[in-house]
Amino acid sequence: MSFKLEIISPQDKVFDDEVDLCIMPGVEGDFGVLKNHMPFLTTLRLGIAYIYKEKKLIEKFLVNGGVVEISKKQCTLLTEDIVRSKDFEIVNNNDLIEISKKKLVDNPYYS
Amino acid sequence: MPSLKDLRNRISSVKSTKKITSAMKMVAAAKLKRAQDNAEKTRPYAEKMMEVVSSLTNKGNQTSFKFAKQKDVSKKTTLLLVCSADRGLCGGFNGSIIKFTKKLVDQLKTNGVNTKFIFVGKKAYQALKRLYSDTTIDNISDFANPSIKFEIASSVRDKVLDLYEKNEISECYLIYTKFKSAISQNVEALKLLPVEVEDKNVDSDSGTQQNSISYDYEPSEEFLLEEIIPRNIAVQIHSGLLENLASEQGSRMTAMDNATRNANDMIDNLTLFYNRSRQALITKELIEIISGAEAV
């Protein structure tokens with residue numbers, strides 16, 4: 001039971017594949033998307049998007065805001081600020097926000 | 001008549017100019033390829049964003065949200081975001097942007113609309129700063145160095161929205177060059193603000209709307225519009241800048257190609273003239289020798 005998930009940023013198509021489940025940080029709370037989700041449109045807050053395939057967590061993304069559109073066929077995430085969690089690095093050691101982001105990435109809530 | 005040495009000098013100077021123009025053409029062609037790729041990469045994002053926005057605005061009764069409001073008509077001010085290149089030597093590229101802007105400003109003036117400017121790119125700013133110095137709000141240059149970042153678009157967007165919310169502007173247009181192909185580009189003005197809510201579409205689409213999916217909005221349509229429209233504006237500015245860069249490189253490539261061809265023509269003509277003069281000189285010397293010998 002898989003559906004198509006696309007993650008698009010202005011620079012690139014970050015992710016485009018069939019997945020089983022994805023969990024996203026919506027403005028009003030985290031939500032999971034499975035196949036045949038109802039048509040849905042919302043925005044995201046800062047958080048992690050988890051992507052599962054064949055009952056395994058295959059990818060994590062750190063997203064900072066964005067728009068999610070779920071239609072009958074597929075799920076699309078539009079965002080300007082997205083990093084694959086394994087690519088995330090602390091640039092500025094004194095930046096508390098960056099450090100907390102790193103902590104968030106290292107200890108996923110859902111796994 | 002110029003001496004042979006003068007001719008030789010001219011030929012060699014034209015040749016070195018040709019070298020420069022053909023090198024510039026090659027560089028522009030390589031950059032054009034990259035700029036085109038970048039412009040194409042943003043396209044899916046921009047298209048999807050447009051879809052989302054139009055699906056939201058076509059729902060009707062959205063005239064209440066803050067970016068659709070037509071502001072006080074008595075003192076209309078239009079903000080023009082003029083995108084041009086940072087460098088010259090690209091044919092009529094900057095010239096046509098400047099001409100287009102001037103025409104638009106005159107048109108707006110006759111309708112009693114004031115104009116304000118934000119320039120992105122050095123060339124249009126240099127050409128128009130004397131005319132519109134008192135209404136220029138900002139000028140951003142060196143933006144394409146080394147490549148266009150999304151942050152530029154979002155910082156411009158922030159400025160525009162700030163002015164809009166302070167009621168200093170009532171409209172905003174983006175002036176940029178749309179890239180069609182390496183030889184044809186069009187200067188266009190794109191309306192960014194206020195967001196048009198087409199009532200007509202609601203009526204004509206209402207039949208199809210029922211068939212299309214009705215979305216569940218979270219938290220509310222107004223909230224989503226207020227979140228999404230600033231994003232959409234940034235995306236439009238960003239893709240406008242990318243199109244502009246691709247057009248600039250395309251137009252530079254064509255201009256330099258023409259220049260190289262002209263240089264070739266000139267070298268041919270000069271070489272012909274040079275050879276003719278050389279032969280004439282030899283003939284003259286021969287006549288002098290022969291007639292001298294005959295006299296003896």
# chains A, B, ... in the order shown; residues from 1 in each chain; ligands from 1
>>> interface_residues(of="chain B", to="chain A", cutoff="7 Å", atoms="only C-alpha atoms", output="PyMOL selection string")
chain B and resi 41-42+45+213-218+224
>>> write_last_selection(atoms="C-alpha atoms", output="PDB file, in the first residue's frame")
ATOM      1  CA  LYS B  41      14.471  23.370 -11.918  1.00  0.00           C
ATOM      2  CA  THR B  42      12.287  26.011 -10.250  1.00  0.00           C
ATOM      3  CA  TYR B  45       7.846  24.377  -7.646  1.00  0.00           C
ATOM      4  CA  ILE B 213     -11.549  17.422  -5.129  1.00  0.00           C
ATOM      5  CA  SER B 214     -12.685  19.545  -2.229  1.00  0.00           C
ATOM      6  CA  TYR B 215      -9.811  19.966   0.151  1.00  0.00           C
ATOM      7  CA  ASP B 216      -9.828  19.904   3.874  1.00  0.00           C
ATOM      8  CA  TYR B 217      -8.063  23.058   5.008  1.00  0.00           C
ATOM      9  CA  GLU B 218      -6.192  23.255   8.253  1.00  0.00           C
ATOM     10  CA  LEU B 224      -3.468  29.314   4.539  1.00  0.00           C
TER      11      LEU B 224
END
>>> select_by_dssp(residues="chain A", states="helix (DSSP H, G or I)", output="PDB file with N, CA and C atoms, in the first residue's frame")
ATOM      1  N   SER A  85      18.289  14.965   6.948  1.00  0.00           N
ATOM      2  CA  SER A  85      18.822  15.056   8.305  1.00  0.00           C
ATOM      3  C   SER A  85      20.273  14.608   8.385  1.00  0.00           C
ATOM      4  N   LYS A  86      20.682  13.669   7.524  1.00  0.00           N
ATOM      5  CA  LYS A  86      22.088  13.242   7.641  1.00  0.00           C
ATOM      6  C   LYS A  86      23.056  14.286   7.073  1.00  0.00           C
ATOM      7  N   ASP A  87      22.513  15.234   6.284  1.00  0.00           N
ATOM      8  CA  ASP A  87      23.374  16.307   5.766  1.00  0.00           C
ATOM      9  C   ASP A  87      23.441  17.494   6.707  1.00  0.00           C
ATOM     10  N   LEU A  96      22.180  28.680  19.414  1.00  0.00           N
ATOM     11  CA  LEU A  96      21.387  27.721  20.192  1.00  0.00           C
ATOM     12  C   LEU A  96      20.319  27.052  19.331  1.00  0.00           C
ATOM     13  N   ILE A  97      19.782  27.810  18.357  1.00  0.00           N
ATOM     14  CA  ILE A  97      18.736  27.240  17.500  1.00  0.00           C
ATOM     15  C   ILE A  97      19.317  26.078  16.712  1.00  0.00           C
ATOM     16  N   GLU A  98      20.529  26.281  16.182  1.00  0.00           N
ATOM     17  CA  GLU A  98      21.155  25.228  15.392  1.00  0.00           C
ATOM     18  C   GLU A  98      21.415  23.996  16.241  1.00  0.00           C
ATOM     19  N   ILE A  99      21.856  24.247  17.486  1.00  0.00           N
ATOM     20  CA  ILE A  99      22.165  23.118  18.356  1.00  0.00           C
ATOM     21  C   ILE A  99      20.895  22.331  18.674  1.00  0.00           C
ATOM     22  N   SER A 100      19.797  23.073  18.914  1.00  0.00           N
ATOM     23  CA  SER A 100      18.550  22.353  19.216  1.00  0.00           C
ATOM     24  C   SER A 100      18.051  21.613  17.983  1.00  0.00           C
ATOM     25  N   LYS A 101      18.269  22.215  16.809  1.00  0.00           N
ATOM     26  CA  LYS A 101      17.883  21.514  15.586  1.00  0.00           C
ATOM     27  C   LYS A 101      18.637  20.206  15.477  1.00  0.00           C
ATOM     28  N   LYS A 102      19.933  20.259  15.796  1.00  0.00           N
ATOM     29  CA  LYS A 102      20.774  19.070  15.711  1.00  0.00           C
ATOM     30  C   LYS A 102      20.268  17.992  16.675  1.00  0.00           C
ATOM     31  N   LYS A 103      19.919  18.424  17.897  1.00  0.00           N
ATOM     32  CA  LYS A 103      19.409  17.487  18.889  1.00  0.00           C
ATOM     33  C   LYS A 103      18.150  16.800  18.384  1.00  0.00           C
ATOM     34  N   LEU A 104      17.294  17.630  17.777  1.00  0.00           N
ATOM     35  CA  LEU A 104      16.030  17.139  17.244  1.00  0.00           C
ATOM     36  C   LEU A 104      16.282  16.080  16.179  1.00  0.00           C
ATOM     37  N   VAL A 105      17.282  16.342  15.351  1.00  0.00           N
ATOM     38  CA  VAL A 105      17.576  15.418  14.263  1.00  0.00           C
ATOM     39  C   VAL A 105      18.152  14.112  14.806  1.00  0.00           C
ATOM     40  N   ASP A 106      18.991  14.254  15.856  1.00  0.00           N
ATOM     41  CA  ASP A 106      19.659  13.058  16.374  1.00  0.00           C
ATOM     42  C   ASP A 106      18.722  12.152  17.166  1.00  0.00           C
TER      43      ASP A 106
END
>>> select_by_dssp(residues="range 132-247 of chain B", states="strand (DSSP E or B)", output="PyMOL selection string")
chain B and resi 136-140+171-179+185-193+216-218
>>> residues_around(residues="Arg278 in chain B", least_positions_apart="3", cutoff="12 Å", atoms="only C-alpha atoms", output="ChimeraX atom specification")
/B:1-5,7-8,271-275,281-285
>>> write_last_selection(atoms="C-alpha atoms", output="tab-separated table (two decimals), in the first residue's frame")
chain	number	residue	atom	x	y	z
B	1	MET	CA	45.14	56.40	-48.58
B	2	PRO	CA	46.30	54.65	-45.41
B	3	SER	CA	49.75	53.17	-45.50
B	4	LEU	CA	50.29	49.41	-45.43
B	5	LYS	CA	51.43	49.57	-41.82
B	7	LEU	CA	46.19	48.62	-42.52
B	8	ARG	CA	48.18	45.86	-40.85
B	271	THR	CA	42.58	42.05	-46.03
B	272	LEU	CA	41.28	42.52	-49.55
B	273	PHE	CA	42.01	46.23	-49.39
B	274	TYR	CA	45.44	45.54	-47.91
B	275	ASN	CA	46.36	43.11	-50.70
B	281	LEU	CA	52.45	49.63	-54.66
B	282	ILE	CA	54.45	46.87	-56.36
B	283	THR	CA	53.02	47.81	-59.75
B	284	LYS	CA	53.86	51.44	-59.15
B	285	GLU	CA	57.44	50.56	-58.25
>>> atom_distance(atom1="CA of Val27 in chain B", atom2="CA of Asn269 in chain B")
27.7 Å
>>> atom_distance(atom1="CA of Leu21 in chain A", atom2="CA of Met50 in chain B")
26.3 Å
>>> residues_around(residues="Asp158 in chain B", least_positions_apart="4", cutoff="9 Å", atoms="only C-alpha atoms", output="list in words")
Ala153, Ser154, Asp162, Leu163, Pro230 and Ala234 of chain B
